[in-house]
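*Asks:* Submitted below is the structure of interest, expressed as structure tokens.
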Amino acid sequence: MNGRRVLWLAGSFLVAAGFVWIWQWIADHRLISPVFLPGPDRAWAALVKGMTDGDLTEKLFATIRRMIYGWLLASLVGIALGAAIGTSKALREYLAPMFEFLRPLPASAIIPVAIALLGLSDPMALAVIAFGSLWPVLLATIHGFSAVEPRLYEVGRALRLSRPAVIFKIALPSASPDILAGMRLGLTVALILSVVCEMLAGRDGLGNWILLSARSFRAPDLYAGVILLGVLGYVSSMAIAAVEHRLLIWRGRAR
Amino acid sequence: MERADLHGLAEAGACAVGAAAIEFHNVDLSYSGKPILAGLSLAVGKGEIVCVIGPSGCGKTTALRVAGGLIKPDSGSVKVGGKPVTGPRRDVAIVFQDYGKALLPWRTAAGNVSLALEAAGTPARQRKERIHALLEKVGLHGHADKYPTEMSGGMQQRLQIARCLAQEPSVLLMDEPFGALDAMTRQTLQDEMLSIAAETGATVFFVTHDLEEAIYLGDRVIGLLPNPGRIGTIAKVTLPRPRNQLETREMAEFLRLRRALFDFIGKAEG
Ligand SMILES: Nc1ncnc2c1ncn2[C@@H]1O[C@H](COP(=O)(O)OP(=O)(O)O)[C@@H](O)[C@H]1O
Ligand SMILES: [Mg+2]
């Protein structure tokens, strides 16, 4: 069991190392002009320099903050709304057609609307990020709450649990796998939209850093930003996976 | 086997064992115009074990849910402990057949029992000890930290019974609780149920589709007729207690009752 896991890790590490090696090889042989593709060595150097001398760390944290705030807002609203809609059949039937219309709408499509309403501001970015990452959380939460085993509600009735107790002891934990899956998706959307908003509205952050680097042909800086984004996406999804693993330990244990 | 008119039956039940723990009085219930229960009258004495049999769909579960306050009859009344049933009550516990669905999969065995104590407002300090005692009572000591998915069907049903006992019920409503278990486990749980009932003095309303189980457990066996659900027969079980899986089932009286009820079910289904 554990041996297999080590093998997996070693395998994925080798693939990553191979990828970096090919990248370096392409750069060394100038198959692609260094103006567009610096080698990993130069990208790494730019990354280290940006984080020590420059303000890359600041940009990173600006993006993280934006992403987290938007995501938390979306999660709060999504879970509250989703709980209300998921537990009411009538609400579900009224709202389902509207959701079907709104859901496939790419969140970036509402950026012009948001800019018109809120200007090129941080609240605009927050609104767009929250709106975009709201959908996965909301839809997953609705599904989670509407799929609660009816027998469990009956157990709640038979034990005369109060309404809040039914919500917090039965419905919410039962919906939690769906909610967490939705929040994981929402976090990815929040990261993407943070970067897009920073680029479009010129807000401080990694997105803006990447855009400015590209415009001034500082390719190593650009790649440093892209690498950081990748790491940020990876770390945030690992973090939420760890939370999921802890909270949903009961699902993993089978007879 | 006795056959009499419904009111006569109810009164006979009531006098036989003193004050009634559960009383159905002329209960009617229909779903979208289709009568499910019609004029159901029955009195279950305190501490009595009444088993209800009948063909599938004849209204056994419905009658149990009415007694549990989960559904209201269209007319007629139900009393438990002399008080009209207006909804679920803490002194009435319901053991559902589908234990897999009735347990909280995200809570351990201890956590599932705790739910009933939390509902009753038992202070957190006292819960641990109570949970321990309850799990011990149903033979689940040492399994407190297991999740339901880690348990066999028999253990899960034991756990549900422990949660019901946490309510300290005076009435236990059991809907085919052992129907999904293998024969060996079922017999063990039957005996455990009987000793728990004897120990706590609880009144038991036990729905089953297994005639032998009904005779083995019951003081009386009620046979329901379908469309609409009504009492078709009442058999008094005079087999001595404590009952024994081998001896009781070999007694002449057991076999006589089995034959009579088998005939009843055959006619009810036909
Ligand atoms: N919620 C419901 N809505 C409509 N019909 C129901 C409902 N519950 C039960 N019934 C019907 O009532 C009849 C009796 O059901 P039930 O009490 O579950 O029977 P049993 O437990 O004896 O098998 C069945 O015909 C069933 O289809
Ligand atoms: Mg039934």
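Just so we're on the same page: first chain in the structure tokens is A, next is B, and so on; residues restart at 1 for each chain, and ligands are numbered from 1 in the order they show up.
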Neighbours of Met51 (chain A) within 12 Å (only C-alpha atoms; same-chain residues fewer than 5 positions away dropped), as a PyMOL selection string?
*Replies:* chain A and resi 44-46+56-61+221+224-225+228
*Asks:* I need the contact residues of chain B against chain A, so if you could list those with any atom within 7 Å, counting only C-alpha atoms, and return them as a VMD selection string, that would help.
*Replies:* chain B and resid 88 to 90 101 to 102 105 to 106 116 119 147 149 to 151
*Asks:* Using only C-alpha atoms and all ligand atoms, find each residue with an atom at most 10 Å away from ligand 1 and format the answer as a ChimeraX atom specification.
*Replies:* /B:29-37,52-66,71,175-176,207-209,224-229
*Asks:* Output the selection as a PDB file, in the first residue's frame - C-alpha atoms for each residue.
*Replies:*
ATOM      1  CA  LEU B  29     -56.524   6.912   6.890  1.00  0.00           C
ATOM      2  CA  SER B  30     -56.424   7.269   3.131  1.00  0.00           C
ATOM      3  CA  TYR B  31     -53.820   8.387   0.628  1.00  0.00           C
ATOM      4  CA  SER B  32     -55.234  10.380  -2.269  1.00  0.00           C
ATOM      5  CA  GLY B  33     -58.666   8.887  -1.879  1.00  0.00           C
ATOM      6  CA  LYS B  34     -57.489   5.286  -1.479  1.00  0.00           C
ATOM      7  CA  PRO B  35     -58.361   3.977   1.997  1.00  0.00           C
ATOM      8  CA  ILE B  36     -55.271   2.466   3.643  1.00  0.00           C
ATOM      9  CA  LEU B  37     -56.589   1.937   7.172  1.00  0.00           C
ATOM     10  CA  VAL B  52     -48.459  -7.322  13.495  1.00  0.00           C
ATOM     11  CA  ILE B  53     -48.457  -9.445  10.383  1.00  0.00           C
ATOM     12  CA  GLY B  54     -50.238  -9.196   7.075  1.00  0.00           C
ATOM     13  CA  PRO B  55     -49.596  -9.260   3.360  1.00  0.00           C
ATOM     14  CA  SER B  56     -47.267  -6.656   1.945  1.00  0.00           C
ATOM     15  CA  GLY B  57     -48.965  -3.290   1.422  1.00  0.00           C
ATOM     16  CA  CYS B  58     -51.795  -3.973   3.890  1.00  0.00           C
ATOM     17  CA  GLY B  59     -50.929  -0.978   6.071  1.00  0.00           C
ATOM     18  CA  LYS B  60     -48.661  -2.381   8.792  1.00  0.00           C
ATOM     19  CA  THR B  61     -46.082   0.361   8.434  1.00  0.00           C
ATOM     20  CA  THR B  62     -48.817   2.981   8.160  1.00  0.00           C
ATOM     21  CA  ALA B  63     -50.392   1.821  11.422  1.00  0.00           C
ATOM     22  CA  LEU B  64     -46.991   1.961  13.117  1.00  0.00           C
ATOM     23  CA  ARG B  65     -46.315   5.458  11.818  1.00  0.00           C
ATOM     24  CA  VAL B  66     -49.692   6.621  13.062  1.00  0.00           C
ATOM     25  CA  ILE B  71     -48.697  10.707  10.293  1.00  0.00           C
ATOM     26  CA  ASP B 175     -40.969  -1.927  11.729  1.00  0.00           C
ATOM     27  CA  GLU B 176     -39.603  -5.222  10.403  1.00  0.00           C
ATOM     28  CA  VAL B 207     -44.320  -5.306  12.624  1.00  0.00           C
ATOM     29  CA  THR B 208     -42.965  -8.291  10.744  1.00  0.00           C
ATOM     30  CA  HIS B 209     -43.662 -10.377   7.674  1.00  0.00           C
ATOM     31  CA  LEU B 224     -54.186  -7.425   9.115  1.00  0.00           C
ATOM     32  CA  LEU B 225     -56.276  -7.755   5.976  1.00  0.00           C
ATOM     33  CA  PRO B 226     -55.487  -5.545   2.978  1.00  0.00           C
ATOM     34  CA  ASN B 227     -57.539  -3.012   0.974  1.00  0.00           C
ATOM     35  CA  PRO B 228     -58.324  -1.331   3.248  1.00  0.00           C
ATOM     36  CA  GLY B 229     -56.073  -2.313   6.135  1.00  0.00           C
TER      37      GLY B 229
END
*Asks:* Rank B:Leu159, B:Ile22, B:Met174, B:Leu194 by their smallest atom-to-atom distance to ligand 2, using only C-alpha atoms and all ligand atoms, and report the top residue only.
*Replies:*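 Using only C-alpha atoms and all ligand atoms, ligand 2 sits closest to B:Met174.
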*Asks:* For region 229-244 of chain A, please output as a list in words all residues within 10 Å (counting only C-alpha atoms; exclusion window: fewer than 2 positions along the same chain).
*Replies:*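 The filter keeps Leu60, Thr63, Ile64, Ile68, Ser176, Pro177, Leu180, Ala181, Met183, Arg184, Leu185, Leu187, Thr188, Leu191, Ile192, Val195, Leu206, Gly207, Ile210, Tyr223, Ala224, Gly225, Val226, Ile227, Arg246, Leu247, Leu248 and Ile249 of chain A.
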*Asks:* Next, write the just-selected residues to a file, as a PDB file, in the first residue's frame, keeping N, CA and C atoms as the atom set.
*Replies:*
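For reference, out_19.pdb as written:
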ATOM      1  N   LEU A  60       1.888  38.367  -5.131  1.00  0.00           N
ATOM      2  CA  LEU A  60       1.349  37.045  -4.835  1.00  0.00           C
ATOM      3  C   LEU A  60       0.273  37.146  -3.752  1.00  0.00           C
ATOM      4  N   THR A  63      -2.990  38.705  -4.862  1.00  0.00           N
ATOM      5  CA  THR A  63      -3.836  37.753  -5.590  1.00  0.00           C
ATOM      6  C   THR A  63      -4.485  36.747  -4.647  1.00  0.00           C
ATOM      7  N   ILE A  64      -3.663  36.258  -3.686  1.00  0.00           N
ATOM      8  CA  ILE A  64      -4.218  35.294  -2.725  1.00  0.00           C
ATOM      9  C   ILE A  64      -5.388  35.907  -1.957  1.00  0.00           C
ATOM     10  N   ILE A  68      -9.142  34.539  -2.011  1.00  0.00           N
ATOM     11  CA  ILE A  68      -9.754  34.018  -0.781  1.00  0.00           C
ATOM     12  C   ILE A  68     -11.021  34.804  -0.420  1.00  0.00           C
ATOM     13  N   SER A 176     -22.293  17.860   3.177  1.00  0.00           N
ATOM     14  CA  SER A 176     -20.922  18.364   3.203  1.00  0.00           C
ATOM     15  C   SER A 176     -20.015  17.811   2.093  1.00  0.00           C
ATOM     16  N   PRO A 177     -20.148  16.548   1.705  1.00  0.00           N
ATOM     17  CA  PRO A 177     -19.279  16.105   0.593  1.00  0.00           C
ATOM     18  C   PRO A 177     -19.526  16.913  -0.679  1.00  0.00           C
ATOM     19  N   LEU A 180     -18.223  20.589  -0.187  1.00  0.00           N
ATOM     20  CA  LEU A 180     -16.769  20.697  -0.282  1.00  0.00           C
ATOM     21  C   LEU A 180     -16.292  20.535  -1.722  1.00  0.00           C
ATOM     22  N   ALA A 181     -16.924  19.632  -2.463  1.00  0.00           N
ATOM     23  CA  ALA A 181     -16.550  19.468  -3.867  1.00  0.00           C
ATOM     24  C   ALA A 181     -16.832  20.755  -4.629  1.00  0.00           C
ATOM     25  N   MET A 183     -16.930  23.759  -3.340  1.00  0.00           N
ATOM     26  CA  MET A 183     -15.996  24.788  -2.886  1.00  0.00           C
ATOM     27  C   MET A 183     -14.623  24.604  -3.522  1.00  0.00           C
ATOM     28  N   ARG A 184     -14.276  23.353  -3.774  1.00  0.00           N
ATOM     29  CA  ARG A 184     -12.988  23.099  -4.415  1.00  0.00           C
ATOM     30  C   ARG A 184     -12.993  23.661  -5.842  1.00  0.00           C
ATOM     31  N   LEU A 185     -14.090  23.399  -6.554  1.00  0.00           N
ATOM     32  CA  LEU A 185     -14.237  23.966  -7.898  1.00  0.00           C
ATOM     33  C   LEU A 185     -14.264  25.486  -7.834  1.00  0.00           C
ATOM     34  N   LEU A 187     -12.917  27.455  -5.770  1.00  0.00           N
ATOM     35  CA  LEU A 187     -11.602  28.038  -5.499  1.00  0.00           C
ATOM     36  C   LEU A 187     -10.797  28.174  -6.794  1.00  0.00           C
ATOM     37  N   THR A 188     -10.882  27.170  -7.634  1.00  0.00           N
ATOM     38  CA  THR A 188     -10.194  27.247  -8.929  1.00  0.00           C
ATOM     39  C   THR A 188     -10.737  28.413  -9.746  1.00  0.00           C
ATOM     40  N   LEU A 191      -9.510  31.710  -8.459  1.00  0.00           N
ATOM     41  CA  LEU A 191      -8.124  32.023  -8.849  1.00  0.00           C
ATOM     42  C   LEU A 191      -8.086  32.546 -10.286  1.00  0.00           C
ATOM     43  N   ILE A 192      -8.779  31.849 -11.172  1.00  0.00           N
ATOM     44  CA  ILE A 192      -8.792  32.271 -12.578  1.00  0.00           C
ATOM     45  C   ILE A 192      -9.339  33.691 -12.701  1.00  0.00           C
ATOM     46  N   VAL A 195      -7.064  36.544 -11.530  1.00  0.00           N
ATOM     47  CA  VAL A 195      -6.039  36.894 -12.517  1.00  0.00           C
ATOM     48  C   VAL A 195      -6.654  37.700 -13.665  1.00  0.00           C
ATOM     49  N   LEU A 206      -0.739  39.160  -9.272  1.00  0.00           N
ATOM     50  CA  LEU A 206       0.042  38.353 -10.208  1.00  0.00           C
ATOM     51  C   LEU A 206      -0.413  38.545 -11.651  1.00  0.00           C
ATOM     52  N   GLY A 207      -1.730  38.686 -11.844  1.00  0.00           N
ATOM     53  CA  GLY A 207      -2.261  38.847 -13.195  1.00  0.00           C
ATOM     54  C   GLY A 207      -1.678  40.086 -13.850  1.00  0.00           C
ATOM     55  N   ILE A 210       2.048  39.650 -14.627  1.00  0.00           N
ATOM     56  CA  ILE A 210       2.272  38.860 -15.835  1.00  0.00           C
ATOM     57  C   ILE A 210       2.017  39.707 -17.074  1.00  0.00           C
ATOM     58  N   TYR A 223       7.387  34.352 -16.824  1.00  0.00           N
ATOM     59  CA  TYR A 223       7.340  32.937 -16.446  1.00  0.00           C
ATOM     60  C   TYR A 223       7.398  32.753 -14.938  1.00  0.00           C
ATOM     61  N   ALA A 224       8.115  33.642 -14.260  1.00  0.00           N
ATOM     62  CA  ALA A 224       8.142  33.582 -12.790  1.00  0.00           C
ATOM     63  C   ALA A 224       6.721  33.732 -12.256  1.00  0.00           C
ATOM     64  N   GLY A 225       5.974  34.676 -12.832  1.00  0.00           N
ATOM     65  CA  GLY A 225       4.580  34.882 -12.410  1.00  0.00           C
ATOM     66  C   GLY A 225       3.715  33.669 -12.701  1.00  0.00           C
ATOM     67  N   VAL A 226       3.916  33.093 -13.889  1.00  0.00           N
ATOM     68  CA  VAL A 226       3.113  31.929 -14.267  1.00  0.00           C
ATOM     69  C   VAL A 226       3.414  30.755 -13.335  1.00  0.00           C
ATOM     70  N   ILE A 227       4.713  30.579 -13.022  1.00  0.00           N
ATOM     71  CA  ILE A 227       5.090  29.487 -12.108  1.00  0.00           C
ATOM     72  C   ILE A 227       4.409  29.689 -10.754  1.00  0.00           C
ATOM     73  N   ARG A 246      -9.967  15.285   5.982  1.00  0.00           N
ATOM     74  CA  ARG A 246     -10.181  15.296   7.426  1.00  0.00           C
ATOM     75  C   ARG A 246     -11.658  15.256   7.777  1.00  0.00           C
ATOM     76  N   LEU A 247     -12.442  16.093   7.056  1.00  0.00           N
ATOM     77  CA  LEU A 247     -13.866  16.205   7.384  1.00  0.00           C
ATOM     78  C   LEU A 247     -14.665  14.988   6.931  1.00  0.00           C
ATOM     79  N   LEU A 248     -14.187  14.354   5.879  1.00  0.00           N
ATOM     80  CA  LEU A 248     -14.980  13.260   5.302  1.00  0.00           C
ATOM     81  C   LEU A 248     -14.364  11.908   5.594  1.00  0.00           C
ATOM     82  N   ILE A 249     -13.697  11.819   6.734  1.00  0.00           N
ATOM     83  CA  ILE A 249     -12.983  10.587   7.057  1.00  0.00           C
ATOM     84  C   ILE A 249     -13.953   9.406   7.098  1.00  0.00           C
TER      85      ILE A 249
END
*Asks:* Between CA of Arg256 (chain B) and CA of Met184 (chain B), what distance in Å does the model show, to one decimal?
*Replies:*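 Calculated distance between CA of Arg256 (chain B) and CA of Met184 (chain B) is 23.8 Å.
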*Asks:* Please report, as a PyMOL selection string, each residue of region 17-247 of chain B to which DSSP assigns strand (DSSP E or B) when run on this structure's backbone.
*Replies:* chain B and resi 20-31+34-45+49-53+75-80+83-84+92-95+171-175+203-207+220-225+229-236
*Asks:* Would you write out those residues with C-alpha atoms, as an mmCIF file, in the first residue's frame?
*Replies:*
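So out.cif came out as:
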data_model
loop_
_atom_site.group_PDB
_atom_site.id
_atom_site.type_symbol
_atom_site.label_atom_id
_atom_site.label_comp_id
_atom_site.auth_asym_id
_atom_site.auth_seq_id
_atom_site.Cartn_x
_atom_site.Cartn_y
_atom_site.Cartn_z
ATOM 1 C CA ALA B 20 -53.507 0.299 27.652
ATOM 2 C CA ALA B 21 -50.127 1.624 26.483
ATOM 3 C CA ILE B 22 -51.249 2.106 22.882
ATOM 4 C CA GLU B 23 -54.852 2.574 21.826
ATOM 5 C CA PHE B 24 -56.082 2.858 18.270
ATOM 6 C CA HIS B 25 -59.691 3.937 18.200
ATOM 7 C CA ASN B 26 -61.552 3.723 14.887
ATOM 8 C CA VAL B 27 -58.580 4.983 12.908
ATOM 9 C CA ASP B 28 -59.226 5.816 9.253
ATOM 10 C CA LEU B 29 -56.524 6.912 6.890
ATOM 11 C CA SER B 30 -56.424 7.269 3.131
ATOM 12 C CA TYR B 31 -53.820 8.387 0.628
ATOM 13 C CA LYS B 34 -57.489 5.286 -1.479
ATOM 14 C CA PRO B 35 -58.361 3.977 1.997
ATOM 15 C CA ILE B 36 -55.271 2.466 3.643
ATOM 16 C CA LEU B 37 -56.589 1.937 7.172
ATOM 17 C CA ALA B 38 -60.287 1.584 7.888
ATOM 18 C CA GLY B 39 -61.794 1.501 11.366
ATOM 19 C CA LEU B 40 -58.663 0.218 13.003
ATOM 20 C CA SER B 41 -59.211 -0.302 16.716
ATOM 21 C CA LEU B 42 -56.691 -2.000 18.926
ATOM 22 C CA ALA B 43 -55.486 -1.728 22.492
ATOM 23 C CA VAL B 44 -52.001 -2.818 23.452
ATOM 24 C CA GLY B 45 -51.445 -3.391 27.158
ATOM 25 C CA ILE B 49 -45.484 -7.378 22.975
ATOM 26 C CA VAL B 50 -47.861 -7.221 20.044
ATOM 27 C CA CYS B 51 -46.727 -8.458 16.664
ATOM 28 C CA VAL B 52 -48.459 -7.322 13.495
ATOM 29 C CA ILE B 53 -48.457 -9.445 10.383
ATOM 30 C CA SER B 75 -60.392 10.328 11.667
ATOM 31 C CA GLY B 76 -60.348 8.342 14.860
ATOM 32 C CA SER B 77 -57.778 8.718 17.586
ATOM 33 C CA VAL B 78 -54.567 7.187 18.825
ATOM 34 C CA LYS B 79 -53.437 7.377 22.420
ATOM 35 C CA VAL B 80 -50.134 6.363 23.912
ATOM 36 C CA LYS B 83 -52.497 10.739 26.091
ATOM 37 C CA PRO B 84 -53.566 11.535 22.511
ATOM 38 C CA VAL B 92 -42.104 6.538 21.978
ATOM 39 C CA ALA B 93 -39.118 5.222 20.053
ATOM 40 C CA ILE B 94 -39.216 4.050 16.456
ATOM 41 C CA VAL B 95 -36.842 1.410 15.107
ATOM 42 C CA VAL B 171 -43.164 2.211 23.910
ATOM 43 C CA LEU B 172 -40.991 0.695 21.182
ATOM 44 C CA LEU B 173 -42.355 0.718 17.649
ATOM 45 C CA MET B 174 -40.388 -1.669 15.476
ATOM 46 C CA ASP B 175 -40.969 -1.927 11.729
ATOM 47 C CA THR B 203 -44.457 -2.046 25.417
ATOM 48 C CA VAL B 204 -43.512 -3.331 21.983
ATOM 49 C CA PHE B 205 -45.442 -2.896 18.726
ATOM 50 C CA PHE B 206 -43.574 -5.156 16.351
ATOM 51 C CA VAL B 207 -44.320 -5.306 12.624
ATOM 52 C CA ARG B 220 -50.471 -11.509 20.749
ATOM 53 C CA VAL B 221 -50.262 -11.652 16.985
ATOM 54 C CA ILE B 222 -52.506 -9.308 15.014
ATOM 55 C CA GLY B 223 -53.232 -10.287 11.427
ATOM 56 C CA LEU B 224 -54.186 -7.425 9.115
ATOM 57 C CA LEU B 225 -56.276 -7.755 5.976
ATOM 58 C CA GLY B 229 -56.073 -2.313 6.135
ATOM 59 C CA ARG B 230 -58.129 -3.736 9.001
ATOM 60 C CA ILE B 231 -57.808 -6.377 11.667
ATOM 61 C CA GLY B 232 -58.562 -9.849 10.365
ATOM 62 C CA THR B 233 -57.472 -12.008 13.233
ATOM 63 C CA ILE B 234 -56.018 -11.810 16.706
ATOM 64 C CA ALA B 235 -54.101 -14.774 18.076
ATOM 65 C CA LYS B 236 -53.196 -14.941 21.717
#
*Asks:* Would you list the contacts of Leu211 (chain A) as a list in words, taking every protein, DNA or RNA residue within 8 Å and counting only C-alpha atoms, but skipping same-chain residues closer than 4 positions in sequence?
*Replies:*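 Everything that qualifies: Met199, Gly207, Arg215 and Leu222 of chain A.
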*Asks:* Export N, CA, C and O atoms of the chosen residues as a compact mmCIF listing (two decimals), in the first residue's frame?
*Replies:*
# COMPACT_ATOMS: atom_id res chain seq x y z
N MET A 199 -5.84 41.58 -14.73
CA MET A 199 -5.37 41.94 -16.07
C MET A 199 -6.27 42.99 -16.70
O MET A 199 -5.81 44.00 -17.24
N GLY A 207 -1.73 38.69 -11.84
CA GLY A 207 -2.26 38.85 -13.19
C GLY A 207 -1.68 40.09 -13.85
O GLY A 207 -1.22 40.05 -15.01
N ARG A 215 4.12 42.81 -21.69
CA ARG A 215 4.14 44.02 -22.51
C ARG A 215 5.53 44.60 -22.66
O ARG A 215 5.86 45.22 -23.66
N LEU A 222 7.75 37.13 -16.60
CA LEU A 222 6.44 36.57 -16.97
C LEU A 222 6.33 35.12 -16.52
O LEU A 222 5.38 34.73 -15.86
*Asks:* Excluding region 91-96 of chain A and its own-chain neighbours fewer than 4 positions away, which residues fall within 12 Å of it when counting only C-alpha atoms? Please give them as a count of residues only.
*Replies:* 17
*Asks:* Name the residues in contact with region 29-37 of chain A at a cut-off of 8 Å, using only C-alpha atoms, excluding same-chain residues fewer than 3 positions from it; report them as a PDB file with C-alpha atoms, in the first residue's frame.
*Replies:*
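Output file around_27.pdb is given in full below:
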ATOM      1  CA  TRP A  25      16.804  21.626 -23.655  1.00  0.00           C
ATOM      2  CA  ILE A  26      14.447  23.570 -25.957  1.00  0.00           C
ATOM      3  CA  PHE A 217       9.170  41.725 -23.025  1.00  0.00           C
ATOM      4  CA  ARG A 218      10.483  40.633 -19.638  1.00  0.00           C
ATOM      5  CA  ALA A 219       9.893  36.985 -20.440  1.00  0.00           C
ATOM      6  CA  PRO A 220      11.692  35.536 -17.378  1.00  0.00           C
TER       7      PRO A 220
END
*Asks:* Write down as an MDAnalysis selection string the residues of region 26-151 of chain A whose backbone DSSP state falls under helix (DSSP H, G or I).
*Replies:* chainID A and resid 26:28 40:52 56:87 89:102 107:118 122:146 150:151
*Asks:* With distances taken over only C-alpha atoms and all ligand atoms, which of B:Glu269, B:Leu117, B:Gly179, B:Ala133 is nearest to ligand 2?
*Replies:* B:Gly179
*Asks:* Counting only C-alpha atoms, which of A:Ser133, A:Ser121, A:Asn208, A:Ser88 gets nearest to Leu72 (chain A)?
*Replies:*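 Comparing A:Ser133, A:Ser121, A:Asn208, A:Ser88 against Leu72 (chain A), the winner is A:Ser133.
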